[in-house]
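Visitor: Contents of model27.cif (mmCIF, C-alpha atoms and all ligand atoms):
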data_data
#
loop_
_atom_site.group_PDB
_atom_site.id
_atom_site.type_symbol
_atom_site.label_atom_id
_atom_site.label_comp_id
_atom_site.auth_asym_id
_atom_site.auth_seq_id
_atom_site.Cartn_x
_atom_site.Cartn_y
_atom_site.Cartn_z
ATOM 1 C CA MET A 29 15.125 -2.830 -30.407
ATOM 2 C CA MET A 30 12.316 -1.495 -28.249
ATOM 3 C CA THR A 31 12.560 2.198 -27.436
ATOM 4 C CA LYS A 32 13.128 2.929 -23.810
ATOM 5 C CA VAL A 33 10.712 5.193 -21.956
ATOM 6 C CA GLN A 34 11.114 7.429 -18.936
ATOM 7 C CA PRO A 35 10.533 5.423 -15.735
ATOM 8 C CA LYS A 36 7.894 6.756 -13.290
ATOM 9 C CA LEU A 37 7.263 6.072 -9.640
ATOM 10 C CA ILE A 38 4.691 6.892 -6.984
ATOM 11 C CA LEU A 39 4.495 5.456 -3.487
ATOM 12 C CA HIS A 40 2.454 6.001 -0.334
ATOM 13 C CA GLY A 41 2.661 5.518 3.398
ATOM 14 C CA GLY A 42 -1.074 5.577 4.078
ATOM 15 C CA ALA A 43 -3.899 8.079 4.358
ATOM 16 C CA GLY A 44 -5.713 9.530 7.325
ATOM 17 C CA SER A 45 -6.971 12.568 9.133
ATOM 18 C CA SER A 46 -3.685 14.082 10.255
ATOM 19 C CA LEU A 47 0.076 13.733 10.095
ATOM 20 C CA GLN A 48 0.518 14.233 13.823
ATOM 21 C CA SER A 49 0.841 10.596 14.858
ATOM 22 C CA LYS A 50 3.552 10.047 12.296
ATOM 23 C CA GLY A 51 5.762 12.759 13.775
ATOM 24 C CA GLY A 52 4.671 15.571 11.495
ATOM 25 C CA ILE A 53 5.174 16.534 7.935
ATOM 26 C CA ASP A 54 8.986 16.742 7.965
ATOM 27 C CA ALA A 55 9.488 13.220 9.264
ATOM 28 C CA VAL A 56 7.074 11.759 6.734
ATOM 29 C CA ARG A 57 8.544 13.788 3.874
ATOM 30 C CA GLN A 58 12.021 12.604 4.761
ATOM 31 C CA SER A 59 10.944 8.967 4.855
ATOM 32 C CA LEU A 60 9.130 9.239 1.538
ATOM 33 C CA GLN A 61 12.005 11.057 -0.155
ATOM 34 C CA LYS A 62 14.543 8.500 1.012
ATOM 35 C CA ALA A 63 12.474 5.678 -0.425
ATOM 36 C CA ILE A 64 11.719 7.516 -3.680
ATOM 37 C CA ALA A 65 15.403 8.339 -4.273
ATOM 38 C CA GLN A 66 16.486 4.728 -3.797
ATOM 39 C CA VAL A 67 13.732 3.169 -5.859
ATOM 40 C CA TYR A 68 13.855 5.703 -8.670
ATOM 41 C CA ASN A 69 17.598 5.069 -9.012
ATOM 42 C CA LEU A 70 16.868 1.390 -9.454
ATOM 43 C CA LEU A 71 14.394 2.197 -12.228
ATOM 44 C CA THR A 72 16.867 4.444 -14.064
ATOM 45 C CA ASP A 73 19.461 1.656 -13.731
ATOM 46 C CA GLY A 74 17.116 -0.552 -15.736
ATOM 47 C CA VAL A 75 15.516 -2.568 -12.957
ATOM 48 C CA SER A 76 12.018 -3.877 -13.803
ATOM 49 C CA ALA A 77 8.831 -2.346 -12.386
ATOM 50 C CA LYS A 78 8.211 -5.609 -10.496
ATOM 51 C CA GLU A 79 11.592 -5.532 -8.814
ATOM 52 C CA ALA A 80 11.322 -1.805 -8.052
ATOM 53 C CA VAL A 81 7.936 -2.367 -6.399
ATOM 54 C CA VAL A 82 9.294 -5.152 -4.208
ATOM 55 C CA GLN A 83 12.356 -3.129 -3.213
ATOM 56 C CA GLY A 84 10.226 -0.057 -2.542
ATOM 57 C CA CYS A 85 7.836 -2.021 -0.355
ATOM 58 C CA ARG A 86 10.738 -3.537 1.552
ATOM 59 C CA ILE A 87 12.189 -0.086 2.283
ATOM 60 C CA LEU A 88 8.838 1.223 3.500
ATOM 61 C CA GLU A 89 8.148 -1.947 5.497
ATOM 62 C CA ASP A 90 11.456 -1.368 7.290
ATOM 63 C CA ASP A 91 10.557 2.215 8.210
ATOM 64 C CA PRO A 92 8.790 2.107 11.617
ATOM 65 C CA ILE A 93 6.976 5.364 10.871
ATOM 66 C CA PHE A 94 4.633 3.440 8.565
ATOM 67 C CA ASN A 95 2.127 0.752 9.456
ATOM 68 C CA ALA A 96 3.597 -2.197 7.538
ATOM 69 C CA GLY A 97 6.367 -4.648 8.399
ATOM 70 C CA THR A 98 8.329 -3.104 11.290
ATOM 71 C CA GLY A 99 5.989 -0.706 13.062
ATOM 72 C CA SER A 100 2.806 -2.562 12.207
ATOM 73 C CA VAL A 101 -0.126 -1.841 14.501
ATOM 74 C CA LEU A 102 -1.465 -4.452 16.924
ATOM 75 C CA GLN A 103 -4.779 -6.191 16.490
ATOM 76 C CA SER A 104 -7.464 -6.419 19.193
ATOM 77 C CA ASP A 105 -5.727 -9.398 20.823
ATOM 78 C CA GLY A 106 -2.367 -7.593 20.916
ATOM 79 C CA GLN A 107 -0.847 -9.569 18.038
ATOM 80 C CA ILE A 108 0.565 -8.270 14.771
ATOM 81 C CA ARG A 109 -0.759 -9.850 11.601
ATOM 82 C CA MET A 110 0.360 -8.405 8.302
ATOM 83 C CA SER A 111 -0.955 -8.617 4.757
ATOM 84 C CA ALA A 112 0.591 -7.816 1.383
ATOM 85 C CA GLY A 113 -0.532 -7.883 -2.237
ATOM 86 C CA PHE A 114 1.573 -7.809 -5.378
ATOM 87 C CA MET A 115 0.513 -7.511 -8.989
ATOM 88 C CA ASP A 116 2.528 -7.750 -12.171
ATOM 89 C CA GLY A 117 0.677 -5.646 -14.740
ATOM 90 C CA THR A 118 2.263 -7.265 -17.768
ATOM 91 C CA ARG A 119 1.022 -10.726 -16.841
ATOM 92 C CA GLN A 120 -2.013 -9.334 -14.991
ATOM 93 C CA SER A 121 -1.181 -11.687 -12.197
ATOM 94 C CA PHE A 122 -2.100 -11.147 -8.537
ATOM 95 C CA SER A 123 -0.542 -12.803 -5.496
ATOM 96 C CA GLY A 124 -0.685 -12.098 -1.789
ATOM 97 C CA VAL A 125 -0.479 -13.108 1.831
ATOM 98 C CA ILE A 126 -3.110 -12.429 4.480
ATOM 99 C CA ASN A 127 -2.512 -12.114 8.229
ATOM 100 C CA VAL A 128 1.041 -13.422 8.368
ATOM 101 C CA SER A 129 3.193 -12.974 11.506
ATOM 102 C CA ARG A 130 6.812 -12.905 12.548
ATOM 103 C CA ILE A 131 8.482 -12.039 9.264
ATOM 104 C CA GLN A 132 10.235 -8.859 8.215
ATOM 105 C CA HIS A 133 8.947 -8.399 4.668
ATOM 106 C CA PRO A 134 5.460 -9.681 3.851
ATOM 107 C CA ILE A 135 5.939 -8.351 0.296
ATOM 108 C CA ASP A 136 8.634 -11.005 -0.284
ATOM 109 C CA LEU A 137 6.092 -13.752 0.308
ATOM 110 C CA ALA A 138 3.534 -12.032 -1.893
ATOM 111 C CA GLN A 139 6.084 -11.823 -4.698
ATOM 112 C CA LYS A 140 7.242 -15.396 -4.209
ATOM 113 C CA LEU A 141 3.660 -16.575 -4.777
ATOM 114 C CA GLN A 142 3.670 -15.137 -8.313
ATOM 115 C CA GLN A 143 5.302 -18.345 -9.512
ATOM 116 C CA GLU A 144 3.030 -20.713 -7.600
ATOM 117 C CA ARG A 145 -0.160 -22.479 -8.501
ATOM 118 C CA ASP A 146 -1.860 -21.222 -5.309
ATOM 119 C CA ARG A 147 -1.275 -17.496 -5.282
ATOM 120 C CA VAL A 148 -3.064 -16.087 -2.237
ATOM 121 C CA LEU A 149 -2.328 -17.659 1.142
ATOM 122 C CA SER A 150 -3.747 -16.784 4.531
ATOM 123 C CA ASP A 151 -2.352 -17.114 8.054
ATOM 124 C CA TYR A 152 -1.439 -20.768 8.469
ATOM 125 C CA GLY A 153 -0.527 -21.341 4.831
ATOM 126 C CA ALA A 154 1.431 -18.106 4.645
ATOM 127 C CA GLN A 155 3.333 -19.110 7.751
ATOM 128 C CA GLU A 156 4.163 -22.485 6.197
ATOM 129 C CA LEU A 157 5.470 -20.723 3.115
ATOM 130 C CA ALA A 158 7.659 -18.487 5.274
ATOM 131 C CA ARG A 159 9.076 -21.603 6.917
ATOM 132 C CA GLU A 160 9.626 -23.290 3.564
ATOM 133 C CA GLN A 161 11.487 -20.204 2.388
ATOM 134 C CA GLN A 162 13.537 -20.369 5.584
ATOM 135 C CA LEU A 163 12.744 -16.757 6.349
ATOM 136 C CA PRO A 164 14.216 -15.841 9.722
ATOM 137 C CA VAL A 165 11.771 -15.321 12.575
ATOM 138 C CA TYR A 166 11.402 -11.570 12.976
ATOM 139 C CA ASP A 167 9.499 -9.457 15.498
ATOM 140 C CA PRO A 168 8.048 -6.400 13.713
ATOM 141 C CA SER A 169 6.675 -4.801 16.886
ATOM 142 C CA THR A 170 7.882 -1.450 18.162
ATOM 143 C CA GLU A 171 7.596 0.125 21.593
ATOM 144 C CA LYS A 172 5.486 2.930 20.158
ATOM 145 C CA ARG A 173 2.866 0.554 18.766
ATOM 146 C CA LEU A 174 2.784 -1.426 21.982
ATOM 147 C CA GLN A 175 2.204 1.750 23.993
ATOM 148 C CA GLU A 176 -0.604 2.796 21.659
ATOM 149 C CA TRP A 177 -2.265 -0.549 22.163
ATOM 150 C CA LEU A 178 -1.813 -0.482 25.950
ATOM 151 C CA GLN A 179 -3.233 3.019 26.070
ATOM 152 C CA ASP A 180 -6.324 1.898 24.275
ATOM 153 C CA ARG A 181 -6.667 -1.189 26.412
ATOM 154 C CA LYS A 182 -6.650 0.967 29.510
ATOM 155 C CA GLY A 183 -9.873 2.461 28.282
ATOM 156 C CA ALA A 184 -11.169 -1.115 28.017
ATOM 157 C CA PHE A 185 -11.294 -0.720 24.249
ATOM 158 C CA GLN A 186 -14.055 1.802 24.455
ATOM 159 C CA ARG A 187 -13.780 2.405 20.800
ATOM 160 C CA SER A 188 -15.252 -0.432 18.857
ATOM 161 C CA MET A 189 -12.444 -2.785 17.972
ATOM 162 C CA ALA A 190 -12.989 -3.163 14.313
ATOM 163 C CA ASP A 191 -13.590 0.527 13.945
ATOM 164 C CA VAL A 192 -10.513 2.064 15.485
ATOM 165 C CA VAL A 193 -8.833 4.143 12.905
ATOM 166 C CA ALA A 194 -7.907 7.070 15.089
ATOM 167 C CA GLU A 195 -4.513 8.566 14.664
ATOM 168 C CA SER A 196 -3.367 6.989 17.926
ATOM 169 C CA ALA A 197 -3.478 3.582 16.354
ATOM 170 C CA GLY A 198 -2.719 5.079 13.014
ATOM 171 C CA ARG A 199 -4.033 3.294 10.053
ATOM 172 C CA GLY A 200 -1.254 3.200 7.611
ATOM 173 C CA THR A 201 -0.270 0.835 4.876
ATOM 174 C CA ILE A 202 2.429 1.340 2.326
ATOM 175 C CA GLY A 203 2.170 0.991 -1.423
ATOM 176 C CA VAL A 204 4.385 1.357 -4.488
ATOM 177 C CA VAL A 205 3.444 1.711 -8.153
ATOM 178 C CA ALA A 206 6.213 1.666 -10.770
ATOM 179 C CA PHE A 207 6.537 2.070 -14.533
ATOM 180 C CA ASP A 208 9.858 0.854 -15.917
ATOM 181 C CA GLU A 209 11.937 1.819 -18.950
ATOM 182 C CA ASN A 210 10.310 -0.963 -20.980
ATOM 183 C CA GLY A 211 6.826 0.351 -20.242
ATOM 184 C CA ASN A 212 5.880 -2.370 -17.738
ATOM 185 C CA LEU A 213 3.680 -1.618 -14.740
ATOM 186 C CA ALA A 214 3.510 -3.231 -11.295
ATOM 187 C CA ALA A 215 1.898 -2.474 -7.933
ATOM 188 C CA GLY A 216 2.518 -3.665 -4.382
ATOM 189 C CA THR A 217 0.773 -2.895 -1.087
ATOM 190 C CA SER A 218 1.649 -4.002 2.442
ATOM 191 C CA THR A 219 -0.095 -3.340 5.767
ATOM 192 C CA GLY A 220 -0.399 -4.075 9.446
ATOM 193 C CA GLY A 221 -4.140 -3.487 9.021
ATOM 194 C CA LYS A 222 -6.404 -0.944 10.695
ATOM 195 C CA GLY A 223 -5.209 -1.617 14.213
ATOM 196 C CA PHE A 224 -7.338 -3.140 17.009
ATOM 197 C CA GLU A 225 -9.322 -5.140 14.478
ATOM 198 C CA ARG A 226 -11.006 -8.428 15.235
ATOM 199 C CA VAL A 227 -8.848 -11.494 14.828
ATOM 200 C CA GLY A 228 -9.329 -12.895 11.350
ATOM 201 C CA ARG A 229 -10.293 -9.594 9.748
ATOM 202 C CA VAL A 230 -8.994 -9.483 6.168
ATOM 203 C CA SER A 231 -7.443 -6.292 4.787
ATOM 204 C CA ASP A 232 -8.059 -4.956 1.285
ATOM 205 C CA SER A 233 -4.284 -4.725 0.726
ATOM 206 C CA ALA A 234 -4.078 -8.375 -0.261
ATOM 207 C CA MET A 235 -7.111 -8.142 -2.557
ATOM 208 C CA PRO A 236 -7.508 -6.731 -6.089
ATOM 209 C CA ALA A 237 -9.713 -4.076 -4.454
ATOM 210 C CA GLY A 238 -6.652 -2.598 -2.750
ATOM 211 C CA ASN A 239 -3.913 -3.456 -5.217
ATOM 212 C CA TYR A 240 -4.353 -4.024 -8.939
ATOM 213 C CA ALA A 241 -2.313 -3.808 -12.152
ATOM 214 C CA ASN A 242 -2.780 -4.690 -15.792
ATOM 215 C CA SER A 243 -0.818 -3.572 -18.834
ATOM 216 C CA GLU A 244 -2.752 -0.280 -18.992
ATOM 217 C CA ALA A 245 -2.666 0.893 -15.363
ATOM 218 C CA ALA A 246 -1.465 -0.011 -11.877
ATOM 219 C CA VAL A 247 -3.022 1.190 -8.594
ATOM 220 C CA SER A 248 -2.363 0.856 -4.859
ATOM 221 C CA CYS A 249 -4.934 1.971 -2.261
ATOM 222 C CA THR A 250 -4.986 2.955 1.381
ATOM 223 C CA GLY A 251 -7.658 3.945 3.880
ATOM 224 C CA ILE A 252 -10.474 2.008 5.491
ATOM 225 C CA GLY A 253 -10.194 -1.438 3.966
ATOM 226 C CA GLU A 254 -13.930 -2.062 4.065
ATOM 227 C CA ASP A 255 -14.539 1.161 2.095
ATOM 228 C CA ILE A 256 -11.900 0.189 -0.454
ATOM 229 C CA ILE A 257 -13.460 -3.257 -0.826
ATOM 230 C CA ASP A 258 -16.933 -1.763 -1.255
ATOM 231 C CA GLU A 259 -15.616 0.449 -4.075
ATOM 232 C CA CYS A 260 -13.300 -2.276 -5.412
ATOM 233 C CA LEU A 261 -11.193 0.797 -5.988
ATOM 234 C CA ALA A 262 -7.874 -0.378 -7.445
ATOM 235 C CA ALA A 263 -9.462 -2.740 -9.943
ATOM 236 C CA ARG A 264 -12.207 -0.208 -10.720
ATOM 237 C CA ILE A 265 -9.690 2.467 -11.716
ATOM 238 C CA ALA A 266 -7.411 0.123 -13.688
ATOM 239 C CA ILE A 267 -10.278 -1.486 -15.594
ATOM 240 C CA ARG A 268 -11.734 1.905 -16.478
ATOM 241 C CA VAL A 269 -8.367 2.744 -18.031
ATOM 242 C CA SER A 270 -8.345 -0.606 -19.888
ATOM 243 C CA ASP A 271 -11.791 0.262 -21.207
ATOM 244 C CA GLY A 272 -10.413 3.418 -22.768
ATOM 245 C CA TRP A 273 -10.789 6.069 -20.095
ATOM 246 C CA SER A 274 -7.798 8.315 -19.450
ATOM 247 C CA LEU A 275 -6.134 7.963 -16.049
ATOM 248 C CA PRO A 276 -7.483 11.387 -14.906
ATOM 249 C CA GLU A 277 -11.004 10.380 -15.959
ATOM 250 C CA ALA A 278 -10.728 7.020 -14.205
ATOM 251 C CA PHE A 279 -9.439 8.596 -10.988
ATOM 252 C CA GLY A 280 -11.867 11.525 -11.146
ATOM 253 C CA ARG A 281 -14.971 9.403 -11.649
ATOM 254 C CA SER A 282 -13.961 6.727 -9.152
ATOM 255 C CA PHE A 283 -13.193 9.301 -6.453
ATOM 256 C CA ALA A 284 -16.394 11.228 -7.084
ATOM 257 C CA GLU A 285 -18.328 7.996 -6.622
ATOM 258 C CA ALA A 286 -16.383 7.101 -3.474
ATOM 259 C CA GLU A 287 -16.956 10.576 -2.051
ATOM 260 C CA SER A 288 -20.696 10.389 -2.739
ATOM 261 C CA ARG A 289 -20.805 7.210 -0.654
ATOM 262 C CA GLN A 290 -18.768 8.826 2.176
ATOM 263 C CA ARG A 291 -15.834 6.463 1.781
ATOM 264 C CA ASP A 292 -12.582 7.195 3.568
ATOM 265 C CA LEU A 293 -9.696 6.227 1.294
ATOM 266 C CA GLY A 294 -6.893 7.193 -1.052
ATOM 267 C CA ALA A 295 -5.099 5.735 -4.074
ATOM 268 C CA ILE A 296 -2.047 6.201 -6.267
ATOM 269 C CA GLY A 297 -1.592 5.028 -9.854
ATOM 270 C CA ILE A 298 0.333 5.152 -13.122
ATOM 271 C CA ASP A 299 -0.868 4.365 -16.651
ATOM 272 C CA GLN A 300 0.855 2.866 -19.680
ATOM 273 C CA ASN A 301 1.718 6.359 -20.965
ATOM 274 C CA GLY A 302 3.585 7.092 -17.750
ATOM 275 C CA HIS A 303 0.975 9.487 -16.335
ATOM 276 C CA ILE A 304 0.960 9.533 -12.548
ATOM 277 C CA ALA A 305 -2.198 10.145 -10.505
ATOM 278 C CA TRP A 306 -3.368 10.170 -6.930
ATOM 279 C CA GLY A 307 -6.632 10.805 -5.177
ATOM 280 C CA LYS A 308 -8.117 10.900 -1.704
ATOM 281 C CA THR A 309 -11.357 11.413 0.130
ATOM 282 C CA SER A 310 -9.518 11.376 3.474
ATOM 283 C CA ASP A 311 -7.837 14.555 4.715
ATOM 284 C CA VAL A 312 -4.289 13.508 3.921
ATOM 285 C CA ILE A 313 -2.533 10.974 1.751
ATOM 286 C CA LEU A 314 1.126 10.390 2.473
ATOM 287 C CA ALA A 315 2.235 9.963 -1.117
ATOM 288 C CA GLY A 316 5.345 10.986 -3.009
ATOM 289 C CA PHE A 317 6.478 10.513 -6.597
ATOM 290 C CA HIS A 318 9.254 10.871 -9.180
ATOM 291 C CA ASN A 319 8.106 11.800 -12.653
ATOM 292 C CA GLY A 320 11.515 11.761 -14.316
ATOM 293 C CA ASP A 321 12.049 15.499 -13.902
ATOM 294 C CA ARG A 322 11.493 15.916 -10.236
ATOM 295 C CA MET A 323 10.510 14.423 -6.948
ATOM 296 C CA GLY A 324 7.376 15.727 -5.234
ATOM 297 C CA ASP A 325 4.734 14.809 -2.707
ATOM 298 C CA CYS A 326 1.056 15.228 -1.906
ATOM 299 C CA LEU A 327 1.444 15.895 1.823
ATOM 300 C CA GLU A 328 0.121 19.424 1.738
ATOM 301 C CA ALA A 329 -2.671 18.914 -0.717
ATOM 302 C CA ALA A 330 -5.958 20.522 0.245
ATOM 303 C CA SER A 331 -8.120 18.446 2.524
ATOM 304 C CA GLY A 332 -11.751 17.759 3.021
ATOM 305 C CA THR A 333 -12.971 17.356 -0.511
ATOM 306 C CA VAL A 334 -12.409 14.951 -3.340
ATOM 307 C CA VAL A 335 -9.013 15.581 -4.764
ATOM 308 C CA ASP A 336 -7.565 13.902 -7.757
ATOM 309 C CA ARG A 337 -4.422 15.036 -9.424
ATOM 310 C CA ILE A 338 -2.399 14.092 -12.394
ATOM 311 C CA ILE A 339 1.299 14.737 -12.382
HETATM 312 N N1 LIG A 401 -6.346 -0.416 4.000
HETATM 313 C C1 LIG A 401 -5.753 -0.900 5.222
HETATM 314 C C2 LIG A 401 -6.692 -1.860 5.875
HETATM 315 O O1 LIG A 401 -7.851 -1.556 6.030
HETATM 316 C C3 LIG A 401 -5.411 0.197 6.190
HETATM 317 C C4 LIG A 401 -4.856 1.448 5.595
HETATM 318 O O2 LIG A 401 -4.607 1.529 4.409
HETATM 319 O O3 LIG A 401 -4.639 2.402 6.345
HETATM 320 O O4 LIG A 401 -6.259 -2.906 6.277
#
Show this structure as structure tokens.

Guide:
Amino acid sequence: MMTKVQPKLILHGGAGSSLQSKGGIDAVRQSLQKAIAQVYNLLTDGVSAKEAVVQGCRILEDDPIFNAGTGSVLQSDGQIRMSAGFMDGTRQSFSGVINVSRIQHPIDLAQKLQQERDRVLSDYGAQELAREQQLPVYDPSTEKRLQEWLQDRKGAFQRSMADVVAESAGRGTIGVVAFDENGNLAAGTSTGGKGFERVGRVSDSAMPAGNYANSEAAVSCTGIGEDIIDECLAARIAIRVSDGWSLPEAFGRSFAEAESRQRDLGAIGIDQNGHIAWGKTSDVILAGFHNGDRMGDCLEAASGTVVDRII
């Protein structure tokens, strides 16, 4: 019989320049802790990393404080289009949906695609899949997001549309990385995007740049999608670990490189030995974890410089 290992979990609710727009540190901490407690319990009950990631993403998608599922930000035309990526580390298999509307849990569609021949679907195709799955029509908008959008429109979108990442719009994104008692890894990431972006813009969250897992490491990213894509960050970190680097080395080097190119991003990850890591070049990353002994978070970690930590 295979020996069981201690499950590990880390999840995030985005990165950015302040916690103000999310209602402050206490509100975010509470949301993260609630999700961590529920998902970590699943892992200790023997649920697989894949299932824990999906459940964790669903919980965070349902929390309007975060920019994914309910509470997603509006695009430049006032519509919500969501994207989600899922990766099973054991099979090294990626699936995802890009710019899907009117469903509650984009991560469900991303997971569903694991079994399909065509594993990444965009708007129209993703919508067809939702219909095929008979997912109920769901409106993920909230009054708060609508007001943010209206506020910005009043100023005739003075900020460039594809570049609005201010805390008013609140970039966001949620992500979950889990390591189960059988040593399997999985990662999932779900987002409403940057907010105010051009119609048709594709987020990193449904790309291996923003969400990647193999049997050695699993990583979920957040921050400016274009920066994450340019660094191919999630895959870069995981592949460095596959090539024999330790998780701290892979995070440290990848974040130093990202910082030298003035990227604005963050990432969380776990390796096959159950080490947990996170890093950021942005001021804050809203990440929390359970390492088997305790729950903790990275909300008050020093800002302004490259930070990478191993828990
Ligand atoms: N990475 C997401 C995107 O650019 C946004 C975020 O993580 O805050 O779509």

Visitor: List the neighbours of segment 139-155 of chain A out to 9 Å using only C-alpha atoms; skip same-chain residues closer than 5 positions along the sequence, and give me the result as a CSV table (one decimal) with C-alpha atoms, in the frame of the given file.

Guide:
chain,number,residue,atom,x,y,z
A,78,LYS,CA,8.2,-5.6,-10.5
A,82,VAL,CA,9.3,-5.2,-4.2
A,109,ARG,CA,-0.8,-9.8,11.6
A,111,SER,CA,-1.0,-8.6,4.8
A,113,GLY,CA,-0.5,-7.9,-2.2
A,114,PHE,CA,1.6,-7.8,-5.4
A,115,MET,CA,0.5,-7.5,-9.0
A,116,ASP,CA,2.5,-7.8,-12.2
A,121,SER,CA,-1.2,-11.7,-12.2
A,122,PHE,CA,-2.1,-11.1,-8.5
A,123,SER,CA,-0.5,-12.8,-5.5
A,124,GLY,CA,-0.7,-12.1,-1.8
A,125,VAL,CA,-0.5,-13.1,1.8
A,126,ILE,CA,-3.1,-12.4,4.5
A,127,ASN,CA,-2.5,-12.1,8.2
A,128,VAL,CA,1.0,-13.4,8.4
A,129,SER,CA,3.2,-13.0,11.5
A,130,ARG,CA,6.8,-12.9,12.5
A,131,ILE,CA,8.5,-12.0,9.3
A,134,PRO,CA,5.5,-9.7,3.9
A,160,GLU,CA,9.6,-23.3,3.6
A,216,GLY,CA,2.5,-3.7,-4.4
A,228,GLY,CA,-9.3,-12.9,11.4
A,234,ALA,CA,-4.1,-8.4,-0.3
A,235,MET,CA,-7.1,-8.1,-2.6

Visitor: Around ligand LIG 401 (chain A), out to 8 Å and counting only C-alpha atoms and all ligand atoms, which residues are there? I want them as a PDB file with C-alpha atoms, keeping the file's coordinate frame.

Guide:
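Contents of part-v5.pdb, freshly written:
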ATOM      1  CA  GLY A  42      -1.074   5.577   4.078  1.00  0.00           C
ATOM      2  CA  ALA A  43      -3.899   8.079   4.358  1.00  0.00           C
ATOM      3  CA  GLY A  44      -5.713   9.530   7.325  1.00  0.00           C
ATOM      4  CA  ASN A  95       2.127   0.752   9.456  1.00  0.00           C
ATOM      5  CA  SER A 111      -0.955  -8.617   4.757  1.00  0.00           C
ATOM      6  CA  VAL A 193      -8.833   4.143  12.905  1.00  0.00           C
ATOM      7  CA  GLY A 198      -2.719   5.079  13.014  1.00  0.00           C
ATOM      8  CA  ARG A 199      -4.033   3.294  10.053  1.00  0.00           C
ATOM      9  CA  GLY A 200      -1.254   3.200   7.611  1.00  0.00           C
ATOM     10  CA  THR A 201      -0.270   0.835   4.876  1.00  0.00           C
ATOM     11  CA  ILE A 202       2.429   1.340   2.326  1.00  0.00           C
ATOM     12  CA  THR A 219      -0.095  -3.340   5.767  1.00  0.00           C
ATOM     13  CA  GLY A 220      -0.399  -4.075   9.446  1.00  0.00           C
ATOM     14  CA  GLY A 221      -4.140  -3.487   9.021  1.00  0.00           C
ATOM     15  CA  LYS A 222      -6.404  -0.944  10.695  1.00  0.00           C
ATOM     16  CA  VAL A 230      -8.994  -9.483   6.168  1.00  0.00           C
ATOM     17  CA  SER A 231      -7.443  -6.292   4.787  1.00  0.00           C
ATOM     18  CA  ASP A 232      -8.059  -4.956   1.285  1.00  0.00           C
ATOM     19  CA  SER A 233      -4.284  -4.725   0.726  1.00  0.00           C
ATOM     20  CA  GLY A 238      -6.652  -2.598  -2.750  1.00  0.00           C
ATOM     21  CA  CYS A 249      -4.934   1.971  -2.261  1.00  0.00           C
ATOM     22  CA  THR A 250      -4.986   2.955   1.381  1.00  0.00           C
ATOM     23  CA  GLY A 251      -7.658   3.945   3.880  1.00  0.00           C
ATOM     24  CA  ILE A 252     -10.474   2.008   5.491  1.00  0.00           C
ATOM     25  CA  GLY A 253     -10.194  -1.438   3.966  1.00  0.00           C
ATOM     26  CA  GLU A 254     -13.930  -2.062   4.065  1.00  0.00           C
ATOM     27  CA  ILE A 256     -11.900   0.189  -0.454  1.00  0.00           C
ATOM     28  CA  LEU A 293      -9.696   6.227   1.294  1.00  0.00           C
TER      29      LEU A 293
END

Visitor: If you apply the PyMOL selection byres (((chain A and resi 285) around 12) and not hetatm) to this file, what residues do you get, as a list in words?

Guide: Asp255, Ile256, Asp258, Glu259, Cys260, Leu261, Arg264, Ile265, Ala278, Phe279, Gly280, Arg281, Ser282, Phe283, Ala284, Ala286, Glu287, Ser288, Arg289, Gln290, Arg291, Asp292, Leu293, Lys308, Thr309 and Val334 of chain A

Visitor: To one decimal place, how far is atom CA of Leu137 of chain A from atom CA of Leu102 of chain A in Å?

Guide: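 Calculated distance between atom CA of Leu137 of chain A and atom CA of Leu102 of chain A is 20.5 Å.
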
Visitor: Which residue gives the smallest distance to Leu174 of chain A among A:Glu156, A:Asp105, A:Glu79, A:Glu225, with all atoms listed in the file counted?

Guide: A:Asp105

Visitor: Could you list, as a list in words, every residue matched by the PyMOL selection byres (((chain A and resi 37) around 8) and not hetatm) in this structure?

Guide: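 That selection, the PyMOL selection byres (((chain A and resi 37) around 8) and not hetatm), comes back as Pro35, Lys36, Ile38, Leu39, Ile64, Tyr68, Val204, Val205, Ala206, Phe207, Ile298, Ile304, Phe317, His318 and Asn319 of chain A.
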
Visitor: So the first atom is atom CA of Ala214 of chain A and the second is atom CA of Asp73 of chain A; what is the distance between them in Å, to one decimal place?

Guide: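 Atom-to-atom, atom CA of Ala214 of chain A and atom CA of Asp73 of chain A are spaced 16.9 Å apart.
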
Visitor: Please measure the separation of atom CA of Arg173 of chain A and atom CA of Val101 of chain A, giving the value in Å to one decimal.

Guide: 5.7 Å

Visitor: Report as an MDAnalysis selection string the residues that result from applying the PyMOL selection byres (((chain A and resi 117) around 8) and not hetatm) to the structure here.

Guide: chainID A and resid 115:116 118:121 212:215 240:246

Visitor: Might I get the box with edges along x, y and z of the file that holds all atoms of segment 117-120 of chain A listed there, padded by 5 Å on every side, given as centre and edge lengths in Å to one decimal, as JSON?

Guide:
{"center_x": 0.1, "center_y": -8.2, "center_z": -16.3, "size_x": 14.3, "size_y": 15.1, "size_z": 13.0}

Visitor: Applying 12 Å and all atoms listed in the file, which residues near Lys62 of chain A remain after dropping the ones on its own chain fewer than 5 positions away? List them as a ChimeraX atom specification.

Guide: /A:39,55-57,67-69,84,87-88,91,316-318,323-324

Visitor: So which one's closest to Ala315 of chain A, A:Ala96, A:Leu60, A:Val165, A:Val227? Using all atoms listed in the file, please.

Guide: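 Among the listed residues, the smallest separation from Ala315 of chain A belongs to A:Leu60.
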
Visitor: Residues within 12 Å of Tyr166 of chain A, please, as a ChimeraX atom specification. Count all atoms listed in the file; anything in the same chain fewer than 3 positions from it doesn't count.

Guide: /A:90,97-98,108,128-134,158-159,162-163,169-170

Visitor: Kindly indicate which residue among A:Met110, A:Ile93, A:Ala263, A:Val247 lies nearest to Leu47 of chain A, using all atoms listed in the file for the distances.

Guide: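 Looking at the shortest contact to Leu47 of chain A, the residue is A:Ile93.
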